[in-house]
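Coordinates as given in my_file39.txt (compact mmCIF, C-alpha atoms):
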# COMPACT_ATOMS: atom_id res chain seq x y z
CA MET A 1 10.47 -112.30 71.99
CA VAL A 2 12.98 -109.56 71.51
CA THR A 3 13.31 -110.45 67.88
CA LYS A 4 9.59 -110.23 67.28
CA LEU A 5 9.41 -106.88 69.04
CA ARG A 6 12.29 -105.53 66.98
CA ALA A 7 10.71 -106.72 63.77
CA LYS A 8 7.38 -105.19 64.71
CA LEU A 9 8.95 -101.80 65.57
CA GLY A 10 11.00 -101.81 62.43
CA GLY A 11 7.95 -102.49 60.33
CA LYS A 12 6.04 -99.61 61.93
CA LEU A 13 9.04 -97.31 61.55
CA ARG A 14 9.44 -98.15 57.90
CA THR A 15 5.73 -97.70 57.32
CA SER A 16 5.78 -94.31 59.08
CA LEU A 17 8.87 -93.23 57.16
CA ARG A 18 7.31 -94.28 53.87
CA THR A 19 4.13 -92.43 54.70
CA LYS A 20 5.92 -89.25 55.71
CA LEU A 21 8.34 -89.45 52.81
CA GLY A 22 5.53 -90.03 50.39
CA ALA A 23 3.61 -87.10 51.79
CA ASN A 24 6.67 -84.87 51.58
CA LEU A 25 7.44 -86.00 48.08
CA GLY A 26 3.83 -85.34 47.11
CA ALA A 27 3.98 -81.86 48.60
CA VAL A 28 7.24 -81.17 46.81
CA ALA A 29 5.86 -82.46 43.55
CA HIS A 30 2.70 -80.38 44.01
CA THR A 31 4.78 -77.30 44.72
CA ILE A 32 6.91 -77.92 41.67
CA MET A 33 3.90 -78.45 39.45
CA ARG A 34 2.24 -75.31 40.81
CA ARG A 35 5.34 -73.26 40.16
CA VAL A 36 5.60 -74.66 36.67
CA LYS A 37 2.00 -73.71 36.00
CA GLU A 38 2.59 -70.21 37.41
CA GLU A 39 5.64 -69.73 35.20
CA ARG A 40 3.65 -70.90 32.21
CA GLY A 41 0.91 -68.38 33.05
CA ILE A 42 3.46 -65.58 33.37
CA ALA A 43 5.00 -66.53 30.06
CA LEU A 44 1.59 -66.57 28.42
CA LEU A 45 0.74 -63.22 29.94
CA ALA A 46 4.05 -61.75 28.79
CA THR A 47 3.46 -63.10 25.32
CA MET A 48 -0.02 -61.61 25.17
CA LEU A 49 1.29 -58.24 26.38
CA ALA A 50 4.01 -58.28 23.74
CA ILE A 51 1.46 -59.07 21.04
CA ALA A 52 -0.80 -56.24 22.31
CA MET A 53 2.10 -53.75 22.29
CA MET A 54 3.09 -54.76 18.77
CA THR A 55 -0.53 -54.39 17.65
CA ILE A 56 -0.70 -50.89 19.15
CA ILE A 57 2.59 -49.93 17.48
CA VAL A 58 1.41 -51.23 14.12
CA ILE A 59 -1.94 -49.41 14.42
CA ASP A 60 -0.19 -46.17 15.47
CA PHE A 61 2.24 -46.43 12.57
CA THR A 62 -0.59 -47.10 10.14
CA SER A 63 -2.63 -44.17 11.52
CA SER A 64 0.38 -41.85 11.41
CA SER A 65 1.10 -42.85 7.82
CA ALA A 66 -2.53 -42.31 6.84
CA MET A 67 -2.65 -38.94 8.59
CA GLY A 68 0.59 -37.91 6.96
CA TYR A 69 -0.78 -38.85 3.57
CA LEU A 70 -4.03 -36.96 4.21
CA SER A 71 -2.11 -33.95 5.49
CA ALA A 72 0.08 -33.90 2.40
CA ALA A 73 -2.98 -34.29 0.17
CA ASN A 74 -4.81 -31.45 1.97
CA HIS A 75 -1.73 -29.23 1.70
CA ALA A 76 -1.56 -29.95 -2.02
CA ASN A 77 -5.28 -29.15 -2.35
CA ASP A 78 -4.74 -25.87 -0.45
CA ILE A 79 -1.96 -24.92 -2.84
CA ARG A 80 -4.15 -25.70 -5.85
CA ALA A 81 -7.02 -23.69 -4.36
CA GLU A 82 -4.66 -20.77 -3.68
CA TYR A 83 -3.43 -20.66 -7.26
CA LEU A 84 -6.99 -20.87 -8.50
CA ALA A 85 -7.83 -17.86 -6.30
CA ARG A 86 -4.83 -15.99 -7.67
CA SER A 87 -5.96 -16.77 -11.19
CA GLY A 88 -9.25 -15.10 -10.24
CA ILE A 89 -7.30 -11.92 -9.44
CA ASN A 90 -5.64 -12.06 -12.85
CA MET A 91 -9.02 -12.52 -14.51
CA GLY A 92 -10.32 -9.47 -12.68
CA LEU A 93 -7.37 -7.41 -13.92
CA ALA A 94 -8.07 -8.63 -17.45
CA LEU A 95 -11.69 -7.48 -17.16
CA ILE A 96 -10.57 -4.03 -15.96
CA ALA A 97 -8.09 -3.81 -18.83
CA GLN A 98 -10.80 -4.77 -21.32
CA ASP A 99 -13.10 -2.12 -19.87
CA THR A 100 -10.32 0.45 -20.20
CA ARG A 101 -9.91 -0.36 -23.89
CA THR A 102 -13.67 -0.05 -24.33
CA GLN A 103 -13.65 3.38 -22.69
CA MET A 104 -10.73 4.53 -24.82
CA ALA A 105 -12.62 3.50 -27.95
CA ALA A 106 -15.70 5.37 -26.72
CA GLN A 107 -13.57 8.45 -26.08
CA GLN A 108 -12.24 8.30 -29.63
CA ASN A 109 -15.77 7.97 -30.95
CA ASN A 110 -16.77 11.08 -29.01
CA ALA A 111 -13.78 12.96 -30.41
CA GLN A 112 -14.82 11.95 -33.94
CA GLY A 113 -18.43 12.91 -33.35
CA LEU A 114 -19.64 9.32 -33.29
CA ASN A 115 -21.95 7.75 -30.73
CA GLY A 116 -20.19 6.82 -27.51
CA SER A 117 -20.69 7.11 -23.79
CA GLY A 118 -17.15 8.23 -23.03
CA GLN A 119 -15.22 7.31 -19.89
CA VAL A 120 -17.86 5.99 -17.53
CA ASP A 121 -17.72 3.28 -14.86
CA SER A 122 -21.09 1.80 -13.94
CA PHE A 123 -22.85 -1.48 -13.24
CA ALA A 124 -22.97 -1.94 -17.02
CA SER A 125 -19.17 -2.02 -17.22
CA VAL A 126 -17.47 -5.33 -18.03
CA TRP A 127 -15.82 -5.62 -14.63
CA ALA A 128 -19.16 -5.10 -12.80
CA LEU A 129 -21.13 -7.83 -14.57
CA PRO A 130 -21.84 -11.03 -12.58
CA PHE A 131 -19.13 -13.62 -13.19
CA PRO A 132 -20.20 -17.27 -12.75
CA PRO A 133 -17.84 -19.89 -11.23
CA ILE A 134 -15.50 -21.47 -13.77
CA PRO A 135 -14.48 -25.16 -13.52
CA VAL A 136 -10.72 -25.59 -13.93
CA ASN A 137 -9.02 -29.02 -13.89
CA GLY A 138 -11.20 -30.50 -11.17
CA GLY A 139 -11.36 -27.25 -9.23
CA ARG A 140 -13.40 -24.07 -9.40
CA VAL A 141 -12.57 -20.37 -9.52
CA GLN A 142 -14.78 -17.34 -8.98
CA LEU A 143 -14.13 -13.61 -8.79
CA SER A 144 -15.80 -10.33 -7.99
CA VAL A 145 -14.70 -6.76 -8.72
CA VAL A 146 -15.78 -3.77 -6.66
CA ASP A 147 -14.91 -0.16 -7.42
CA GLU A 148 -13.67 1.77 -4.40
CA ALA A 149 -15.16 5.04 -5.65
CA ARG A 150 -18.62 3.82 -4.62
CA LYS A 151 -17.55 4.17 -0.98
CA PHE A 152 -16.88 7.09 1.37
CA ASN A 153 -13.18 7.73 1.97
CA ILE A 154 -12.76 7.88 5.72
CA ASN A 155 -9.33 9.51 5.46
CA LYS A 156 -11.03 12.65 4.09
CA LEU A 157 -11.96 13.59 7.65
CA ILE A 158 -8.52 15.18 8.06
CA ASN A 159 -6.63 17.39 5.60
CA TYR A 160 -3.23 15.75 5.14
CA VAL A 161 0.02 17.09 3.74
CA PRO A 162 0.31 16.67 -0.05
CA GLY A 163 2.01 13.39 -0.91
CA GLN A 164 0.79 11.77 2.30
CA GLN A 165 -1.82 9.06 1.92
CA GLY A 166 -5.27 10.54 2.18
CA MET A 167 -4.47 13.86 0.43
CA PHE A 168 -6.36 13.94 -2.83
CA GLY A 169 -5.57 15.43 -6.17
CA GLN A 170 -7.29 18.53 -7.51
CA PRO A 171 -10.60 17.64 -9.17
CA THR A 172 -10.91 18.08 -12.90
CA PRO A 173 -12.68 21.33 -13.93
CA LEU A 174 -16.22 20.81 -15.14
CA GLY A 175 -16.50 19.94 -18.78
CA GLN A 176 -12.98 18.51 -18.99
CA SER A 177 -11.90 14.88 -18.77
CA THR A 178 -8.78 13.13 -17.59
CA PRO A 179 -7.36 9.92 -19.12
CA ILE A 180 -8.40 6.86 -17.17
CA GLY A 181 -6.15 6.09 -14.25
CA VAL A 182 -4.05 9.26 -14.66
CA ALA A 183 -3.90 11.20 -11.40
CA THR A 184 -4.68 14.88 -11.47
CA PRO A 185 -2.07 17.29 -10.07
CA VAL A 186 -2.04 17.62 -6.32
CA ALA A 187 -3.34 20.95 -5.15
CA SER A 188 -1.33 23.06 -2.79
CA PRO A 189 -2.95 23.28 0.65
CA VAL A 190 -4.12 26.87 0.47
CA PRO A 191 -7.33 27.58 2.38
CA GLY A 192 -10.15 28.72 0.15
CA GLN A 193 -8.34 27.97 -3.11
CA VAL A 194 -10.68 27.78 -6.09
CA ASN A 195 -10.07 25.74 -9.23
CA PRO A 196 -10.56 27.09 -12.74
CA GLY A 197 -14.07 25.68 -12.87
CA GLY A 198 -15.08 27.81 -9.90
CA THR A 199 -15.61 25.04 -7.34
CA ASN A 200 -13.87 24.88 -4.00
CA ILE A 201 -11.31 22.11 -3.84
CA PRO A 202 -12.53 19.44 -1.42
CA GLY A 203 -10.24 18.43 1.38
CA VAL A 204 -7.93 21.43 0.93
CA GLY A 205 -7.05 23.39 4.07
CA GLN A 206 -4.35 23.70 6.64
CA PRO A 207 -2.61 20.31 7.07
CA GLY A 208 -3.95 18.44 10.06
CA GLN A 209 -7.20 20.38 10.25
CA ILE A 210 -10.57 18.64 10.37
CA ASN A 211 -12.55 18.59 7.14
CA GLN A 212 -15.91 19.65 8.56
CA ASN A 213 -17.81 18.86 5.38
CA ALA A 214 -16.48 15.28 5.39
CA VAL A 215 -17.31 14.94 9.09
CA MET A 216 -20.91 15.96 8.42
CA GLN A 217 -21.14 13.50 5.54
CA LEU A 218 -19.80 10.61 7.64
CA THR A 219 -22.18 11.55 10.46
CA ARG A 220 -25.12 11.31 8.07
CA LEU A 221 -23.85 7.99 6.74
CA VAL A 222 -23.54 6.29 10.12
CA MET A 223 -26.97 7.52 11.14
CA LEU A 224 -28.47 6.18 7.91
CA LEU A 225 -26.86 2.83 8.74
CA GLY A 226 -28.39 2.82 12.22
CA ILE A 227 -25.08 3.49 14.00
CA SER A 228 -24.60 6.01 16.79
CA PRO A 229 -22.67 9.15 15.70
CA GLU A 230 -20.73 8.89 18.97
CA ILE A 231 -18.08 6.92 17.05
CA ILE A 232 -17.16 10.00 14.98
CA PRO A 233 -15.01 11.84 17.61
CA PRO A 234 -12.85 8.75 18.33
CA ILE A 235 -12.33 8.29 14.57
CA ILE A 236 -11.24 11.93 14.25
CA ASP A 237 -8.79 11.55 17.15
CA TRP A 238 -7.43 8.37 15.56
CA LEU A 239 -6.74 10.22 12.30
CA ASP A 240 -5.61 13.67 13.41
CA PRO A 241 -1.87 14.21 14.05
CA ASP A 242 -2.24 15.83 17.48
CA SER A 243 -2.74 14.35 20.94
CA ILE A 244 -5.54 16.69 21.96
CA GLU A 245 -8.64 14.70 22.81
CA THR A 246 -11.82 15.77 21.01
CA GLN A 247 -14.98 15.93 23.08
CA GLY A 248 -16.21 12.35 23.19
CA GLY A 249 -13.04 11.12 21.50
CA ALA A 250 -9.99 9.15 22.63
CA GLU A 251 -6.26 9.70 22.36
CA ALA A 252 -3.18 7.82 23.55
CA ASP A 253 -4.14 8.20 27.23
CA TYR A 254 -7.12 5.91 26.63
CA TYR A 255 -5.49 3.34 24.36
CA MET A 256 -2.34 2.97 26.48
CA ARG A 257 -4.48 1.83 29.42
CA LEU A 258 -5.90 -1.08 27.45
CA MET A 259 -4.57 -4.64 27.59
CA PRO A 260 -2.56 -4.92 25.46
CA PRO A 261 -1.81 -1.19 25.17
CA TYR A 262 -1.28 0.51 21.82
CA GLU A 263 -1.09 4.01 20.39
CA PRO A 264 -3.56 5.63 17.99
CA ARG A 265 -2.57 5.97 14.33
CA ASN A 266 -2.47 9.80 14.37
CA GLY A 267 -2.46 9.66 10.59
CA PRO A 268 -4.42 8.25 7.66
CA MET A 269 -5.60 4.66 7.92
CA PRO A 270 -3.68 2.26 5.64
CA THR A 271 -6.48 -0.32 5.90
CA LEU A 272 -10.02 -0.45 7.25
CA GLY A 273 -8.73 -2.87 9.89
CA ASP A 274 -7.83 0.21 11.95
CA LEU A 275 -11.53 0.67 12.70
CA ARG A 276 -11.48 -2.43 14.92
CA LEU A 277 -8.96 -0.67 17.18
CA ILE A 278 -10.94 2.55 17.64
CA ARG A 279 -12.91 3.17 20.80
CA GLY A 280 -16.63 2.42 20.48
CA ILE A 281 -16.38 0.33 17.28
CA ASP A 282 -17.19 -3.31 17.95
CA ASP A 283 -17.42 -6.19 15.48
CA ALA A 284 -21.09 -5.53 14.69
CA THR A 285 -20.41 -1.86 13.93
CA PHE A 286 -17.38 -2.73 11.82
CA THR A 287 -19.45 -5.22 9.81
CA LYS A 288 -22.02 -2.52 9.05
CA LEU A 289 -19.39 0.03 8.00
CA ARG A 290 -16.92 -2.03 6.00
CA ASN A 291 -18.97 -2.08 2.77
CA TYR A 292 -19.49 1.69 2.81
CA LEU A 293 -15.99 2.98 3.65
CA THR A 294 -12.65 2.93 1.89
CA VAL A 295 -9.10 4.11 2.53
CA GLN A 296 -8.12 4.30 -1.14
CA PRO A 297 -7.43 7.87 -2.34
CA GLU A 298 -10.49 8.33 -4.53
CA THR A 299 -11.35 11.98 -5.01
CA ALA A 300 -15.14 11.65 -5.16
CA ILE A 301 -18.10 9.27 -5.07
CA ASN A 302 -19.04 7.41 -8.26
CA ILE A 303 -22.70 8.30 -8.71
CA ASN A 304 -23.18 5.30 -11.03
CA THR A 305 -22.21 2.67 -8.45
CA ALA A 306 -22.57 4.22 -4.97
CA PRO A 307 -25.13 2.67 -2.59
CA PRO A 308 -28.15 4.86 -1.79
CA GLU A 309 -26.82 5.48 1.75
CA VAL A 310 -23.56 6.93 0.41
CA ILE A 311 -25.41 9.14 -2.07
CA ALA A 312 -27.76 10.38 0.64
CA CYS A 313 -24.94 11.30 3.03
CA LEU A 314 -23.49 13.86 0.61
CA SER A 315 -25.94 16.60 1.64
CA ASP A 316 -28.77 17.32 4.04
CA SER A 317 -31.28 17.71 1.22
CA LEU A 318 -30.49 14.24 -0.11
CA ALA A 319 -30.52 12.68 3.36
CA ASN A 320 -33.91 14.24 4.09
CA ASN A 321 -35.43 13.30 0.73
CA PRO A 322 -35.21 9.52 0.13
CA ARG A 323 -37.37 9.90 -2.97
CA THR A 324 -34.68 12.08 -4.56
CA VAL A 325 -32.08 9.36 -4.00
CA GLU A 326 -34.47 6.81 -5.51
CA GLN A 327 -34.77 9.01 -8.60
CA ILE A 328 -31.00 9.01 -9.00
CA VAL A 329 -30.78 5.22 -8.63
CA ASP A 330 -33.66 4.62 -11.05
CA ALA A 331 -32.15 6.96 -13.63
CA ARG A 332 -28.69 5.36 -13.53
CA ASN A 333 -30.24 1.89 -13.87
CA ILE A 334 -31.82 2.99 -17.14
CA ARG A 335 -28.75 4.81 -18.41
CA PRO A 336 -25.51 5.52 -16.51
CA PHE A 337 -24.66 9.16 -15.90
CA THR A 338 -21.94 10.41 -18.25
CA ASN A 339 -21.43 13.71 -16.44
CA THR A 340 -22.08 14.97 -12.93
CA ASN A 341 -24.12 17.83 -14.38
CA ASP A 342 -26.66 15.21 -15.48
CA VAL A 343 -27.36 14.50 -11.82
CA VAL A 344 -28.10 18.15 -11.07
CA ASN A 345 -30.30 18.43 -14.14
CA LEU A 346 -32.21 15.35 -13.02
CA LEU A 347 -32.87 16.74 -9.54
CA GLY A 348 -34.29 20.02 -10.82
CA GLY A 349 -36.28 21.46 -7.95
CA ALA A 350 -34.37 19.46 -5.37
CA ALA A 351 -31.20 21.28 -6.39
CA ALA A 352 -32.85 24.60 -5.67
CA GLN A 353 -33.70 23.39 -2.19
CA GLY A 354 -30.08 23.02 -1.13
CA THR A 355 -28.43 20.44 -3.35
CA THR A 356 -26.62 23.06 -5.43
CA GLN A 357 -24.44 22.29 -8.42
CA ASP A 358 -21.33 23.37 -6.55
CA SER A 359 -21.98 21.29 -3.43
CA LEU A 360 -22.97 18.21 -5.41
CA THR A 361 -20.61 18.07 -8.37
CA LYS A 362 -17.50 18.52 -6.22
CA ASP A 363 -18.29 15.29 -4.39
CA LEU A 364 -19.35 13.24 -7.42
CA THR A 365 -17.65 11.51 -10.35
CA VAL A 366 -18.58 8.99 -13.02
CA ARG A 367 -15.19 7.27 -13.12
CA THR A 368 -13.21 5.00 -10.80
CA THR A 369 -9.46 4.61 -10.36
CA TYR A 370 -9.14 2.00 -7.59
CA PHE A 371 -10.70 -1.46 -7.74
CA SER A 372 -10.83 -4.29 -5.20
CA ILE A 373 -10.78 -7.82 -6.63
CA THR A 374 -11.73 -10.93 -4.67
CA GLY A 375 -10.49 -14.26 -6.04
CA MET A 376 -12.02 -17.49 -4.69
CA GLY A 377 -10.56 -20.92 -5.41
CA TRP A 378 -11.98 -24.36 -4.53
CA TYR A 379 -10.27 -27.72 -4.98
CA ALA A 380 -11.31 -31.06 -3.42
CA GLY A 381 -12.91 -29.40 -0.40
CA ALA A 382 -10.12 -26.83 0.10
CA ARG A 383 -11.02 -23.14 -0.26
CA ARG A 384 -8.76 -20.09 -0.46
CA LEU A 385 -9.57 -16.39 -0.75
CA VAL A 386 -7.36 -13.60 -2.07
CA PHE A 387 -8.27 -9.92 -1.66
CA ALA A 388 -6.34 -7.41 -3.75
CA THR A 389 -6.74 -3.71 -4.53
CA PHE A 390 -5.28 -2.16 -7.68
CA ARG A 391 -4.93 1.31 -9.10
CA ARG A 392 -5.95 1.36 -12.75
CA ASN A 393 -3.36 3.01 -14.95
CA GLY A 394 -4.05 4.89 -18.17
CA ASP A 395 -3.03 1.93 -20.33
CA GLY A 396 -5.35 -0.47 -18.49
CA THR A 397 -2.67 -2.11 -16.38
CA GLY A 398 -3.00 -2.24 -12.60
CA THR A 399 -0.66 -1.15 -9.84
CA LEU A 400 -0.99 -3.21 -6.67
CA SER A 401 -2.20 -1.23 -3.65
CA SER A 402 -2.93 -4.02 -1.13
CA TRP A 403 -2.92 -7.84 -0.98
CA GLN A 404 -4.39 -10.23 1.58
CA GLU A 405 -4.88 -14.01 1.58
CA GLU A 406 -7.13 -16.21 3.68
Please re-express this file's structure in structure tokens.
Amino acid sequence: MVTKLRAKLGGKLRTSLRTKLGANLGAVAHTIMRRVKEERGIALLATMLAIAMMTIIVIDFTSSSAMGYLSAANHANDIRAEYLARSGINMGLALIAQDTRTQMAAQQNNAQGLNGSGQVDSFASVWALPFPPIPVNGGRVQLSVVDEARKFNINKLINYVPGQQGMFGQPTPLGQSTPIGVATPVASPVPGQVNPGGTNIPGVGQPGQINQNAVMQLTRLVMLLGISPEIIPPIIDWLDPDSIETQGGAEADYYMRLMPPYEPRNGPMPTLGDLRLIRGIDDATFTKLRNYLTVQPETAININTAPPEVIACLSDSLANNPRTVEQIVDARNIRPFTNTNDVVNLLGGAAAQGTTQDSLTKDLTVRTTYFSITGMGWYAGARRLVFATFRRNGDGTGTLSSWQEE
């Protein structure tokens, strides 16, 4: 009996132990398998992340290499375009030199009694003719030449000390000529001085004084351009050497309160960029003025190339008689003026009404000394601009006055 009971209990105990052990082993095995699967998933995830990072690095390297190549190519194209633009400047100088030789030949013909127009700069001159773009080794170059004598010299508003920029040489007496590009002697600043031809010397007076005639001319010009004459007093204060504020003007007290502060020039403008700094002149006003003003020391306005607005501003009679200005423009289109007296003879009755020979001829010329050349270069989508101003010498060469690149 005891033996049977023992055997029965032992069988149940073994069965229970087997069941529990099997369950535990199954749980352990399941746990192990789950952990193995989790580790495999982590490894796969890590592998995928590594591949993604390597892909990003490769793409970034490829993009950087491509951008570097494009940058180098664009830089090379910019350099080519710049040299093409510079070649345009050289071509412009060559045209001016050729025109000088043509004028010298004409002067010799006049001296020998042969037909010749003499020393005249007009829209018929070689440098003024339209110049089409020129293809050069896969690129393109274009140029334009503008004479500065067609514009009003803004530095004439103030009489400056001889030798200082803005003080002009004595005009040539009527009936006489000066070799091209050769400056006339500088007149001493004696008020009321008269040259041998009998005309008052423009711009001559006590140093630092306002040139009232030039102020009136600039006032007419801005009004013809639709600009308020209120900008004139600030321009005068910018140019004059003193710190006394003109009525409606502005001196250092105004400019030093701006942000950032700066002082007025109190002297002649070296570039037209000064206009942007003057009180009352915004970008729109500057854009209107820039093609009608110059800072180059030209003594007078070239009647053969000046815009109608510049011609009209020279006197009240011209400003009040647009038809008279049209007559001048029509006449020069047919045949350029060879002498300022021809303008007075053309006006006839208009001269008797206030445009006198003295008041007109002293402000006019038929020759130009300073020229601005714009060179434009294109290459593979790159574009460069070069702006240069030269003084034409008597032998046709040019002396650099200003240089700017964009």
Contacts of Phe337 of chain A at 10 Å (only C-alpha atoms; same-chain gap of 4+ positions) as number ranges by chain
A: 117, 120-122, 302-304, 328, 331-333, 341-343, 365-366
Spatial neighbours of Gln212 of chain A, 9 Å, all atoms listed in the file, chain gap at least 4 places, as a PyMOL selection string:
chain A and resi 157-158+216-217
Given the choices A:Asn339, A:Thr294, A:Gln404, A:Thr397, which gets closest to Glu148 of chain A if the distance is worked out from only C-alpha atoms?
A:Thr294
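Using all atoms listed in the file, every residue with an atom at most 6 Å from the point (-5.8, -26.1, 3.0) is listed here: Asn74, His75, Asp78 and Ala382 of chain A.
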Quick one: distance from atom CA of Ile89 of chain A to atom CA of Arg384 of chain A in Å, one decimal?
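Separation between atom CA of Ile89 of chain A and atom CA of Arg384 of chain A: 12.2 Å.
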Point-to-point distance in Å for atom CA of Asn266 of chain A and atom CA of Ala306 of chain A
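So the two atoms, atom CA of Ala306 of chain A and atom CA of Asn266 of chain A, lie 28.4 Å apart.
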Identify, on the basis of only C-alpha atoms, every residue whose closest approach to segment 131-136 of chain A does not exceed 12 Å; exclude the query and any residue fewer than 4 positions from it along the same chain; express the result as a PyMOL selection string.
chain A and resi 80-81+83-85+87-88+91-92+95+126-127+140-145+374-380
Create the file for the chosen residues now, containing C-alpha atoms and written as a PDB file, keeping the file's coordinate frame.
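Printed below is again_7.pdb as written:
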ATOM      1  CA  ARG A  80      -4.150 -25.700  -5.850  1.00  0.00           C
ATOM      2  CA  ALA A  81      -7.020 -23.690  -4.360  1.00  0.00           C
ATOM      3  CA  TYR A  83      -3.430 -20.660  -7.260  1.00  0.00           C
ATOM      4  CA  LEU A  84      -6.990 -20.870  -8.500  1.00  0.00           C
ATOM      5  CA  ALA A  85      -7.830 -17.860  -6.300  1.00  0.00           C
ATOM      6  CA  SER A  87      -5.960 -16.770 -11.190  1.00  0.00           C
ATOM      7  CA  GLY A  88      -9.250 -15.100 -10.240  1.00  0.00           C
ATOM      8  CA  MET A  91      -9.020 -12.520 -14.510  1.00  0.00           C
ATOM      9  CA  GLY A  92     -10.320  -9.470 -12.680  1.00  0.00           C
ATOM     10  CA  LEU A  95     -11.690  -7.480 -17.160  1.00  0.00           C
ATOM     11  CA  VAL A 126     -17.470  -5.330 -18.030  1.00  0.00           C
ATOM     12  CA  TRP A 127     -15.820  -5.620 -14.630  1.00  0.00           C
ATOM     13  CA  ARG A 140     -13.400 -24.070  -9.400  1.00  0.00           C
ATOM     14  CA  VAL A 141     -12.570 -20.370  -9.520  1.00  0.00           C
ATOM     15  CA  GLN A 142     -14.780 -17.340  -8.980  1.00  0.00           C
ATOM     16  CA  LEU A 143     -14.130 -13.610  -8.790  1.00  0.00           C
ATOM     17  CA  SER A 144     -15.800 -10.330  -7.990  1.00  0.00           C
ATOM     18  CA  VAL A 145     -14.700  -6.760  -8.720  1.00  0.00           C
ATOM     19  CA  THR A 374     -11.730 -10.930  -4.670  1.00  0.00           C
ATOM     20  CA  GLY A 375     -10.490 -14.260  -6.040  1.00  0.00           C
ATOM     21  CA  MET A 376     -12.020 -17.490  -4.690  1.00  0.00           C
ATOM     22  CA  GLY A 377     -10.560 -20.920  -5.410  1.00  0.00           C
ATOM     23  CA  TRP A 378     -11.980 -24.360  -4.530  1.00  0.00           C
ATOM     24  CA  TYR A 379     -10.270 -27.720  -4.980  1.00  0.00           C
ATOM     25  CA  ALA A 380     -11.310 -31.060  -3.420  1.00  0.00           C
TER      26      ALA A 380
END
Out of A:Gly267, A:Pro336, A:Gly139, A:Pro322, which residue has the shortest atom-to-atom distance to Ser125 of chain A when counting only C-alpha atoms?
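Selected residue with least distance to Ser125 of chain A: A:Pro336.
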Point (-3.6, 5.7, 7.1) neighbourhood (9 Å, all atoms listed in the file) written as an mmCIF file with C-alpha atoms, in the coordinates of the input:
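Just written: result_39.cif:
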data_model
loop_
_atom_site.group_PDB
_atom_site.id
_atom_site.type_symbol
_atom_site.label_atom_id
_atom_site.label_comp_id
_atom_site.auth_asym_id
_atom_site.auth_seq_id
_atom_site.Cartn_x
_atom_site.Cartn_y
_atom_site.Cartn_z
ATOM 1 C CA ASN A 155 -9.330 9.510 5.460
ATOM 2 C CA GLN A 164 0.790 11.770 2.300
ATOM 3 C CA GLN A 165 -1.820 9.060 1.920
ATOM 4 C CA GLY A 166 -5.270 10.540 2.180
ATOM 5 C CA LEU A 239 -6.740 10.220 12.300
ATOM 6 C CA ARG A 265 -2.570 5.970 14.330
ATOM 7 C CA ASN A 266 -2.470 9.800 14.370
ATOM 8 C CA GLY A 267 -2.460 9.660 10.590
ATOM 9 C CA PRO A 268 -4.420 8.250 7.660
ATOM 10 C CA MET A 269 -5.600 4.660 7.920
ATOM 11 C CA PRO A 270 -3.680 2.260 5.640
ATOM 12 C CA THR A 271 -6.480 -0.320 5.900
ATOM 13 C CA LEU A 272 -10.020 -0.450 7.250
ATOM 14 C CA ASP A 274 -7.830 0.210 11.950
ATOM 15 C CA VAL A 295 -9.100 4.110 2.530
#
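Put simply, atom CA of Leu364 of chain A is 13.3 Å away from atom CA of Ala214 of chain A.
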For Arg276 of chain A, please output as a PDB file with C-alpha atoms, in the frame of the given file all residues within 12 Å (counting all atoms listed in the file; exclusion window: fewer than 3 positions along the same chain).
ATOM      1  CA  ILE A 231     -18.080   6.920  17.050  1.00  0.00           C
ATOM      2  CA  PRO A 234     -12.850   8.750  18.330  1.00  0.00           C
ATOM      3  CA  ILE A 235     -12.330   8.290  14.570  1.00  0.00           C
ATOM      4  CA  TRP A 238      -7.430   8.370  15.560  1.00  0.00           C
ATOM      5  CA  PRO A 264      -3.560   5.630  17.990  1.00  0.00           C
ATOM      6  CA  MET A 269      -5.600   4.660   7.920  1.00  0.00           C
ATOM      7  CA  THR A 271      -6.480  -0.320   5.900  1.00  0.00           C
ATOM      8  CA  LEU A 272     -10.020  -0.450   7.250  1.00  0.00           C
ATOM      9  CA  GLY A 273      -8.730  -2.870   9.890  1.00  0.00           C
ATOM     10  CA  ARG A 279     -12.910   3.170  20.800  1.00  0.00           C
ATOM     11  CA  GLY A 280     -16.630   2.420  20.480  1.00  0.00           C
ATOM     12  CA  ILE A 281     -16.380   0.330  17.280  1.00  0.00           C
ATOM     13  CA  ASP A 282     -17.190  -3.310  17.950  1.00  0.00           C
ATOM     14  CA  ASP A 283     -17.420  -6.190  15.480  1.00  0.00           C
ATOM     15  CA  ALA A 284     -21.090  -5.530  14.690  1.00  0.00           C
ATOM     16  CA  THR A 285     -20.410  -1.860  13.930  1.00  0.00           C
ATOM     17  CA  PHE A 286     -17.380  -2.730  11.820  1.00  0.00           C
ATOM     18  CA  THR A 287     -19.450  -5.220   9.810  1.00  0.00           C
ATOM     19  CA  LEU A 289     -19.390   0.030   8.000  1.00  0.00           C
ATOM     20  CA  ARG A 290     -16.920  -2.030   6.000  1.00  0.00           C
TER      21      ARG A 290
END
